[in-house]
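Below is the file my_file.csv, which contains CSV, C-alpha atoms and all ligand atoms.
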chain,number,residue,atom,x,y,z
A,1,MET,CA,-171.9,79.8,-231.9
A,2,ALA,CA,-175.5,80.5,-231.0
A,3,LYS,CA,-175.8,82.2,-227.6
A,4,LYS,CA,-177.8,80.6,-224.8
A,5,GLN,CA,-181.1,82.5,-224.4
A,6,ILE,CA,-181.8,83.5,-220.8
A,7,ARG,CA,-185.3,84.9,-220.4
A,8,VAL,CA,-186.1,86.2,-216.9
A,9,GLY,CA,-189.8,86.9,-216.2
A,10,VAL,CA,-191.3,89.4,-213.8
A,11,LEU,CA,-194.9,88.9,-212.8
A,12,ALA,CA,-196.5,92.0,-214.1
A,13,LEU,CA,-200.1,92.1,-212.7
A,14,GLN,CA,-199.7,94.7,-210.0
A,15,GLY,CA,-197.0,96.3,-207.8
A,16,SER,CA,-193.3,97.1,-208.4
A,17,PHE,CA,-192.9,95.1,-211.7
A,18,ARG,CA,-191.7,98.1,-213.7
A,19,GLU,CA,-188.9,98.7,-211.3
A,20,HIS,CA,-187.8,95.0,-211.5
A,21,LEU,CA,-188.0,95.1,-215.3
A,22,SER,CA,-186.0,98.3,-215.4
A,23,HIS,CA,-183.3,96.9,-213.1
A,24,LEU,CA,-183.0,93.7,-215.2
A,25,SER,CA,-182.8,95.5,-218.5
A,26,LYS,CA,-180.0,97.8,-217.2
A,27,LEU,CA,-178.2,94.9,-215.6
A,28,PHE,CA,-178.5,92.9,-218.9
A,29,GLU,CA,-177.0,95.9,-220.8
A,30,GLU,CA,-174.0,95.7,-218.5
A,31,LEU,CA,-173.7,91.9,-218.7
A,32,ALA,CA,-173.8,92.1,-222.5
A,33,LYS,CA,-170.5,94.1,-222.4
A,34,SER,CA,-168.8,91.6,-220.2
A,35,GLU,CA,-166.6,88.8,-221.6
A,36,ASP,CA,-167.7,86.6,-218.6
A,37,TYR,CA,-171.3,86.5,-219.9
A,38,SER,CA,-170.5,86.3,-223.7
A,39,GLU,CA,-172.2,82.9,-224.0
A,40,TYR,CA,-175.5,84.3,-223.0
A,41,GLU,CA,-178.2,86.5,-224.4
A,42,PHE,CA,-180.4,87.9,-221.7
A,43,LYS,CA,-184.0,89.2,-222.0
A,44,ASP,CA,-186.4,90.5,-219.4
A,45,VAL,CA,-190.1,89.4,-219.9
A,46,ALA,CA,-193.2,90.9,-218.4
A,47,VAL,CA,-195.4,88.0,-217.4
A,48,ARG,CA,-199.2,88.7,-217.7
A,49,THR,CA,-200.5,85.4,-219.1
A,50,ALA,CA,-199.6,81.7,-218.9
A,51,LYS,CA,-198.1,82.0,-222.4
A,52,ASP,CA,-195.5,84.4,-221.1
A,53,LEU,CA,-194.1,81.7,-218.9
A,54,GLU,CA,-192.9,79.7,-221.8
A,55,GLY,CA,-189.1,79.3,-222.0
A,56,LEU,CA,-188.3,81.2,-218.9
A,57,SER,CA,-185.0,80.5,-217.0
A,58,GLY,CA,-186.2,82.4,-213.9
A,59,ILE,CA,-189.0,84.5,-212.5
A,60,ILE,CA,-189.3,87.4,-210.1
A,61,ILE,CA,-192.5,88.0,-208.1
A,62,CYS,CA,-192.5,91.7,-207.3
A,63,GLY,CA,-193.6,93.8,-204.3
A,64,GLY,CA,-197.2,94.9,-204.1
A,65,GLU,CA,-200.3,93.7,-202.1
A,66,SER,CA,-200.5,90.0,-201.7
A,67,THR,CA,-204.3,89.8,-201.4
A,68,THR,CA,-204.8,91.7,-204.6
A,69,MET,CA,-202.1,89.7,-206.3
A,70,SER,CA,-203.5,86.4,-205.1
A,71,ILE,CA,-206.9,87.3,-206.6
A,72,LEU,CA,-205.3,88.3,-209.9
A,73,LEU,CA,-203.2,85.2,-210.1
A,74,GLN,CA,-206.3,83.1,-209.8
A,75,ARG,CA,-208.4,85.2,-212.2
A,76,LYS,CA,-205.6,85.2,-214.8
A,77,HIS,CA,-205.1,81.4,-214.4
A,78,LEU,CA,-201.5,81.9,-213.5
A,79,LEU,CA,-201.6,80.3,-210.0
A,80,ASN,CA,-201.4,76.7,-211.0
A,81,PRO,CA,-198.9,77.1,-213.8
A,82,LEU,CA,-196.6,79.0,-211.4
A,83,ARG,CA,-197.0,76.3,-208.7
A,84,GLN,CA,-196.1,73.7,-211.2
A,85,LEU,CA,-193.1,75.6,-212.5
A,86,ILE,CA,-191.7,76.7,-209.2
A,87,ARG,CA,-192.6,73.8,-206.9
A,88,GLU,CA,-192.4,70.9,-209.2
A,89,ASP,CA,-190.1,71.9,-212.0
A,90,HIS,CA,-187.9,74.1,-209.8
A,91,LEU,CA,-187.8,77.2,-212.0
A,92,PRO,CA,-185.6,79.6,-210.1
A,93,ALA,CA,-187.8,82.3,-208.4
A,94,TRP,CA,-187.2,85.4,-206.3
A,95,GLY,CA,-190.0,87.2,-204.4
A,96,THR,CA,-189.6,90.7,-202.9
A,97,CYS,CA,-191.9,91.6,-200.0
A,98,CYS,CA,-195.4,90.6,-201.3
A,99,GLY,CA,-193.5,88.2,-203.6
A,100,LEU,CA,-191.8,86.6,-200.6
A,101,ILE,CA,-195.3,86.1,-199.0
A,102,LEU,CA,-196.6,84.5,-202.2
A,103,LEU,CA,-193.6,82.2,-202.4
A,104,SER,CA,-193.8,81.0,-198.8
A,105,ASN,CA,-195.6,77.8,-197.9
A,106,ARG,CA,-197.2,79.2,-194.8
A,107,VAL,CA,-198.5,82.7,-194.1
A,108,THR,CA,-199.8,84.2,-190.9
A,109,ASN,CA,-201.8,87.4,-190.4
A,110,ASN,CA,-204.0,86.7,-193.5
A,111,THR,CA,-207.0,85.1,-191.9
A,112,SER,CA,-209.6,87.8,-191.7
A,113,LEU,CA,-209.8,88.3,-195.4
A,114,LYS,CA,-213.0,87.9,-197.3
A,115,LEU,CA,-212.4,87.6,-201.0
A,116,GLY,CA,-215.8,86.7,-202.4
A,117,ASP,CA,-215.8,83.2,-203.8
A,118,LEU,CA,-211.9,83.2,-203.8
A,119,LYS,CA,-209.5,82.2,-201.0
A,120,TYR,CA,-206.2,83.8,-200.1
A,121,GLU,CA,-203.9,81.3,-202.0
A,122,VAL,CA,-200.2,81.5,-202.3
A,123,ILE,CA,-197.8,79.9,-204.9
A,124,GLY,CA,-195.5,78.4,-202.3
A,125,GLY,CA,-192.1,76.9,-202.9
A,126,LEU,CA,-190.2,78.2,-199.8
A,127,ASP,CA,-190.5,76.0,-196.8
A,128,ALA,CA,-190.9,78.9,-194.4
A,129,THR,CA,-193.6,80.8,-192.5
A,130,VAL,CA,-194.0,84.5,-193.1
A,131,ASP,CA,-195.9,87.0,-190.9
A,132,ARG,CA,-197.5,89.7,-193.0
A,133,ASN,CA,-197.3,93.4,-192.1
A,134,SER,CA,-195.0,92.5,-189.3
A,135,PHE,CA,-193.5,96.0,-188.7
A,136,GLY,CA,-196.9,97.6,-188.5
A,137,ARG,CA,-198.6,100.0,-190.9
A,138,GLN,CA,-197.4,101.8,-194.1
A,139,ILE,CA,-196.3,104.7,-192.0
A,140,ASP,CA,-193.9,102.4,-190.1
A,141,SER,CA,-191.9,101.8,-193.3
A,142,PHE,CA,-188.2,102.3,-193.1
A,143,THR,CA,-184.8,101.9,-194.8
A,144,GLU,CA,-181.9,100.1,-193.2
A,145,THR,CA,-178.4,99.4,-194.5
A,146,ILE,CA,-177.5,95.8,-194.2
A,147,ASP,CA,-174.3,93.9,-194.9
A,148,LEU,CA,-175.3,91.2,-197.4
A,149,SER,CA,-171.8,90.0,-198.2
A,150,GLY,CA,-172.0,86.9,-196.0
A,151,ALA,CA,-175.4,86.0,-197.5
A,152,THR,CA,-174.3,86.5,-201.1
A,153,GLY,CA,-170.6,85.9,-201.1
A,154,GLU,CA,-170.4,89.1,-203.1
A,155,GLU,CA,-169.0,92.5,-202.2
A,156,ILE,CA,-172.4,93.7,-200.9
A,157,HIS,CA,-171.3,95.1,-197.6
A,158,ASP,CA,-173.7,98.0,-197.5
A,159,PHE,CA,-177.0,97.4,-199.2
A,160,ASN,CA,-179.8,99.9,-198.8
A,161,CYS,CA,-182.8,97.7,-197.8
A,162,VAL,CA,-186.3,99.3,-198.2
A,163,PHE,CA,-189.0,97.9,-196.0
A,164,ILE,CA,-192.6,98.8,-196.9
A,165,ARG,CA,-195.3,97.2,-194.8
A,166,ALA,CA,-192.9,94.3,-194.9
A,167,PRO,CA,-193.3,90.7,-193.8
A,168,VAL,CA,-190.9,88.9,-191.5
A,169,ILE,CA,-189.9,85.3,-191.8
A,170,SER,CA,-191.2,83.8,-188.5
A,171,GLY,CA,-190.4,80.2,-189.1
A,172,LEU,CA,-188.0,78.1,-191.1
A,173,GLY,CA,-188.6,74.6,-192.4
A,174,ASN,CA,-186.0,73.5,-195.0
A,175,ALA,CA,-185.4,77.1,-196.1
A,176,ARG,CA,-182.4,78.9,-194.6
A,177,SER,CA,-181.9,82.4,-193.3
A,178,LEU,CA,-179.7,84.8,-195.3
A,179,ALA,CA,-180.1,88.1,-193.4
A,180,LYS,CA,-181.4,89.4,-190.2
A,181,ILE,CA,-182.1,92.9,-188.7
A,182,LYS,CA,-182.5,93.8,-185.0
A,183,ARG,CA,-185.6,95.4,-183.6
A,184,ASN,CA,-186.0,95.9,-179.9
A,185,ASP,CA,-183.2,93.4,-179.1
A,186,THR,CA,-184.9,90.7,-181.3
A,187,GLU,CA,-183.3,89.4,-184.4
A,188,LEU,CA,-185.7,89.2,-187.3
A,189,ILE,CA,-185.1,87.2,-190.5
A,190,VAL,CA,-185.6,89.3,-193.6
A,191,ALA,CA,-184.1,87.1,-196.4
A,192,VAL,CA,-184.4,83.4,-196.9
A,193,ARG,CA,-183.6,80.8,-199.6
A,194,ASN,CA,-183.7,77.2,-200.6
A,195,ASP,CA,-181.9,75.7,-203.6
A,196,THR,CA,-184.1,77.4,-206.2
A,197,VAL,CA,-186.3,80.0,-204.4
A,198,LEU,CA,-185.1,83.3,-202.8
A,199,GLY,CA,-187.3,85.6,-200.7
A,200,THR,CA,-186.5,89.1,-199.3
A,201,SER,CA,-188.7,91.2,-197.1
A,202,PHE,CA,-187.1,94.3,-198.7
A,203,HIS,CA,-187.1,95.7,-202.2
A,204,PRO,CA,-183.8,95.8,-204.1
A,205,GLU,CA,-185.8,96.9,-207.2
A,206,LEU,CA,-186.5,100.3,-205.4
A,207,VAL,CA,-182.8,101.1,-205.0
A,208,ASP,CA,-182.0,103.3,-207.9
A,209,GLY,CA,-178.8,102.5,-209.8
A,210,ASP,CA,-177.8,99.4,-207.6
A,211,TYR,CA,-178.2,96.2,-209.5
A,212,ARG,CA,-175.9,94.1,-207.3
A,213,PHE,CA,-178.7,92.0,-205.7
A,214,HIS,CA,-180.3,91.3,-209.1
A,215,LYS,CA,-177.0,90.3,-210.4
A,216,TRP,CA,-176.5,87.9,-207.5
A,217,PHE,CA,-180.0,86.3,-208.2
A,218,ILE,CA,-179.0,85.8,-211.9
A,219,ASP,CA,-175.5,84.3,-211.0
A,220,GLU,CA,-176.6,82.2,-208.1
A,221,PHE,CA,-180.0,81.0,-209.1
A,222,VAL,CA,-180.7,81.5,-212.8
A,223,LEU,CA,-177.3,80.5,-214.3
A,224,THR,CA,-176.4,77.7,-211.9
A,301,LIG,N1,-194.3,96.1,-200.0
A,301,LIG,C1,-195.0,95.1,-200.1
A,301,LIG,O1,-194.9,94.3,-201.0
A,301,LIG,C2,-196.0,94.9,-199.0
A,301,LIG,C3,-196.7,93.6,-198.8
A,301,LIG,C4,-198.1,93.7,-198.2
A,301,LIG,N2,-198.1,94.3,-196.9
A,301,LIG,C5,-198.8,92.4,-198.3
A,301,LIG,O2,-199.2,91.9,-197.3
A,301,LIG,O3,-199.0,91.9,-199.3
Spit out the file's structure as structure tokens when you get a sec.
Amino acid sequence: MAKKQIRVGVLALQGSFREHLSHLSKLFEELAKSEDYSEYEFKDVAVRTAKDLEGLSGIIICGGESTTMSILLQRKHLLNPLRQLIREDHLPAWGTCCGLILLSNRVTNNTSLKLGDLKYEVIGGLDATVDRNSFGRQIDSFTETIDLSGATGEEIHDFNCVFIRAPVISGLGNARSLAKIKRNDTELIVAVRNDTVLGTSFHPELVDGDYRFHKWFIDEFVLT
């Protein structure tokens, strides 16, 4: 019987797209050996043009710099196709850090930006507000081990979460919180989801050899 083709795209304009593609391809090598996934044939796809979006079952928007990425999305004519796919057609999507910002409906701390004739535009899809650069400057980047087992229902008790000039989810509409960290006695939301869109302030693609979070995205969002 022909296998079901599962193509997972990674927006590859700027930022940590190579790391996501490498995580996916290694994960897919593992899944190809597993009886549980024998009905599927997986492929990771670098998305650079609107044509690359054809036939995708899911998409990842990587870490990077959201102002730059917003400009590139507009110049490459990818912003509107992605809005259509993610917001109207409910293509499963996951954004890490900059990707979370671009997938949120509301962004704060982005007002002083002059972009020539362009505006700071996001894709949206997550009914949440994110505050950019919420932990301060690049030098204030940090790693924290978080128990993601409650959030994912998987054995991800200790996940190495890398925060680089990360945003925080400062308001929730219909999206729901998945994970929090504590800073100065305040709980901050760092992962959020709705039915088809997932956002994390941290970067699972930067954790070498750990594909558990990527696997959960495939199982929970792409294959359901
Ligand atoms: N690591 C990241 O993706 C950083 C995001 C970046 N600070 C922004 O606002 O776009």
Determine the nearest neighbour of Val130 of chain A from the options A:Thr143, A:Ser34, A:Ser201, A:Thr152, counting only C-alpha atoms. A:Ser201
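Picture a line from atom CA of Gln84 of chain A to atom CA of Thr96 of chain A; it runs 20.0 Å.
Taking all atoms listed in the file into account, the residues that come within 6 Å of ligand LIG 301 (chain A) are A:Gly63, A:Gly64, A:Glu65, A:Ser66, A:Cys97, A:Cys98, A:Arg132, A:Asn133, A:Ile164, A:Arg165, A:Ala166.
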If you measure from atom CA of Ala46 of chain A to atom CA of Asn109 of chain A, what distance in Å do you get, rounded to one decimal? 29.5 Å
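Of the residues listed (A:Cys62, A:Leu118, A:Val190, A:Ile156), A:Val190 shows the shortest atom-to-atom separation from Asp131 of chain A; distances use all atoms listed in the file.
Atom CA of Ala32 of chain A to atom CA of Leu223 of chain A spans 14.6 Å [interatomic distance, one decimal].
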Pick out the closest residue to Glu39 of chain A from this set: A:Val10, A:Leu79, A:Ile218, A:Ala2. Count all atoms listed in the file. A:Ala2
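Each of A:Asp89, A:Asp208, A:Glu30, A:Glu220 was checked against Cys161 of chain A using all atoms listed in the file; the smallest atom-to-atom distance is that of A:Asp208.
Near segment 171-177 of chain A, within a cut-off of 7 Å and counting all atoms listed in the file, sit the residues Leu126, Asp127, Ala128, Thr129, Val130, Ile189, Ala191, Val192, Arg193 and Asn194 of chain A, with same-chain residues fewer than 3 positions away left out.
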If we count all atoms listed in the file and set the cut-off at 9 Å, which residues sit around Gly209 of chain A, ignoring sequence neighbours fewer than 2 positions away in its own chain? Please answer as a PDB file with C-alpha atoms, in the coordinates of the input.
ATOM      1  CA  HIS A  23    -183.300  96.900-213.100  1.00  0.00           C
ATOM      2  CA  LYS A  26    -180.000  97.800-217.200  1.00  0.00           C
ATOM      3  CA  VAL A 207    -182.800 101.100-205.000  1.00  0.00           C
ATOM      4  CA  TYR A 211    -178.200  96.200-209.500  1.00  0.00           C
TER       5      TYR A 211
END
From the list A:Leu148, A:Leu206, A:Leu178, A:Ile59, which residue is nearest Phe163 of chain A when using only C-alpha atoms? A:Leu206
Name all residues at most 8 Å from Leu188 of chain A (count all atoms listed in the file; drop same-chain ones fewer than 6 positions away) and give them as a PyMOL selection string. chain A and resi 168-170+180-182
Spatial neighbours of Asp117 of chain A, max dist 12 Å, all atoms listed in the file, sep filter under 6 positions, as a ChimeraX atom specification: /A:71,74-75
With a distance cut-off of 10 Å and all atoms listed in the file, select the neighbouring residues of Pro81 of chain A, excluding the residue or stretch itself and same-chain residues fewer than 3 positions from it, and output the selection as a ChimeraX atom specification. /A:49-51,53,73,77-78,84-87,123
Repair of segment 130-166 of chain A at the level of N, CA and C atoms, as a short mmCIF file (atom, residue, chain, number, x, y, z; two decimals), keeping the file's coordinate frame:
data_model
loop_
_atom_site.label_atom_id
_atom_site.label_comp_id
_atom_site.auth_asym_id
_atom_site.auth_seq_id
_atom_site.Cartn_x
_atom_site.Cartn_y
_atom_site.Cartn_z
N VAL A 130 -194.18 83.07 -193.16
CA VAL A 130 -194.00 84.50 -193.10
C VAL A 130 -195.19 85.15 -192.36
N ASP A 131 -194.87 86.20 -191.63
CA ASP A 131 -195.90 87.00 -190.90
C ASP A 131 -196.07 88.27 -191.66
N ARG A 132 -197.25 88.48 -192.22
CA ARG A 132 -197.50 89.70 -193.00
C ARG A 132 -197.54 90.94 -192.14
N ASN A 133 -197.19 92.06 -192.74
CA ASN A 133 -197.30 93.40 -192.10
C ASN A 133 -196.68 93.38 -190.70
N SER A 134 -195.54 92.75 -190.61
CA SER A 134 -195.00 92.50 -189.30
C SER A 134 -194.41 93.70 -188.60
N PHE A 135 -194.08 94.74 -189.36
CA PHE A 135 -193.50 96.00 -188.70
C PHE A 135 -194.60 97.01 -188.52
N GLY A 136 -195.86 96.65 -188.75
CA GLY A 136 -196.90 97.60 -188.50
C GLY A 136 -197.44 98.18 -189.84
N ARG A 137 -197.88 99.44 -189.79
CA ARG A 137 -198.60 100.00 -190.90
C ARG A 137 -197.64 100.66 -191.92
N GLN A 138 -198.22 101.15 -193.03
CA GLN A 138 -197.40 101.80 -194.10
C GLN A 138 -196.51 102.88 -193.52
N ILE A 139 -197.03 103.61 -192.55
CA ILE A 139 -196.30 104.70 -192.00
C ILE A 139 -195.04 104.25 -191.21
N ASP A 140 -195.04 102.98 -190.84
CA ASP A 140 -193.90 102.40 -190.10
C ASP A 140 -192.83 101.86 -191.10
N SER A 141 -192.93 102.23 -192.37
CA SER A 141 -191.90 101.80 -193.30
C SER A 141 -190.59 102.43 -193.04
N PHE A 142 -189.51 101.78 -193.42
CA PHE A 142 -188.20 102.30 -193.10
C PHE A 142 -187.12 101.72 -194.04
N THR A 143 -185.94 102.34 -193.98
CA THR A 143 -184.80 101.90 -194.80
C THR A 143 -183.68 101.52 -193.81
N GLU A 144 -182.98 100.43 -194.07
CA GLU A 144 -181.90 100.10 -193.20
C GLU A 144 -180.72 99.52 -194.08
N THR A 145 -179.50 99.94 -193.75
CA THR A 145 -178.40 99.40 -194.50
C THR A 145 -177.90 98.13 -193.91
N ILE A 146 -177.84 97.10 -194.75
CA ILE A 146 -177.50 95.80 -194.20
C ILE A 146 -176.27 95.24 -194.98
N ASP A 147 -175.44 94.52 -194.26
CA ASP A 147 -174.30 93.90 -194.90
C ASP A 147 -174.76 92.52 -195.44
N LEU A 148 -174.82 92.44 -196.76
CA LEU A 148 -175.30 91.20 -197.40
C LEU A 148 -174.15 90.37 -197.97
N SER A 149 -172.92 90.73 -197.60
CA SER A 149 -171.80 90.00 -198.20
C SER A 149 -171.73 88.57 -197.73
N GLY A 150 -172.05 88.31 -196.46
CA GLY A 150 -172.00 86.90 -196.00
C GLY A 150 -173.11 86.10 -196.67
N ALA A 151 -174.26 86.71 -196.87
CA ALA A 151 -175.40 86.00 -197.50
C ALA A 151 -175.11 85.69 -198.95
N THR A 152 -174.45 86.61 -199.64
CA THR A 152 -174.30 86.50 -201.10
C THR A 152 -172.95 86.06 -201.56
N GLY A 153 -171.95 86.18 -200.68
CA GLY A 153 -170.60 85.90 -201.10
C GLY A 153 -170.08 86.94 -202.10
N GLU A 154 -170.77 88.05 -202.19
CA GLU A 154 -170.40 89.10 -203.10
C GLU A 154 -169.98 90.34 -202.24
N GLU A 155 -169.43 91.35 -202.90
CA GLU A 155 -169.00 92.50 -202.20
C GLU A 155 -170.24 93.44 -201.92
N ILE A 156 -171.24 92.91 -201.21
CA ILE A 156 -172.40 93.70 -200.90
C ILE A 156 -172.44 94.05 -199.44
N HIS A 157 -171.43 94.86 -199.05
CA HIS A 157 -171.30 95.10 -197.60
C HIS A 157 -172.36 96.09 -197.11
N ASP A 158 -172.75 96.99 -197.97
CA ASP A 158 -173.70 98.00 -197.50
C ASP A 158 -174.84 98.07 -198.54
N PHE A 159 -175.91 97.41 -198.23
CA PHE A 159 -177.00 97.40 -199.20
C PHE A 159 -178.20 98.16 -198.53
N ASN A 160 -178.76 99.05 -199.32
CA ASN A 160 -179.80 99.90 -198.80
C ASN A 160 -181.15 99.10 -198.91
N CYS A 161 -181.64 98.62 -197.78
CA CYS A 161 -182.80 97.70 -197.80
C CYS A 161 -184.06 98.56 -197.44
N VAL A 162 -185.03 98.54 -198.35
CA VAL A 162 -186.30 99.30 -198.20
C VAL A 162 -187.36 98.37 -197.71
N PHE A 163 -187.96 98.70 -196.56
CA PHE A 163 -189.00 97.90 -196.00
C PHE A 163 -190.34 98.64 -196.04
N ILE A 164 -191.32 98.14 -196.77
CA ILE A 164 -192.60 98.80 -196.90
C ILE A 164 -193.71 97.86 -196.43
N ARG A 165 -194.27 98.09 -195.29
CA ARG A 165 -195.30 97.20 -194.80
C ARG A 165 -194.84 95.72 -194.96
N ALA A 166 -193.62 95.50 -194.51
CA ALA A 166 -192.90 94.30 -194.90
C ALA A 166 -193.30 93.08 -194.01
#
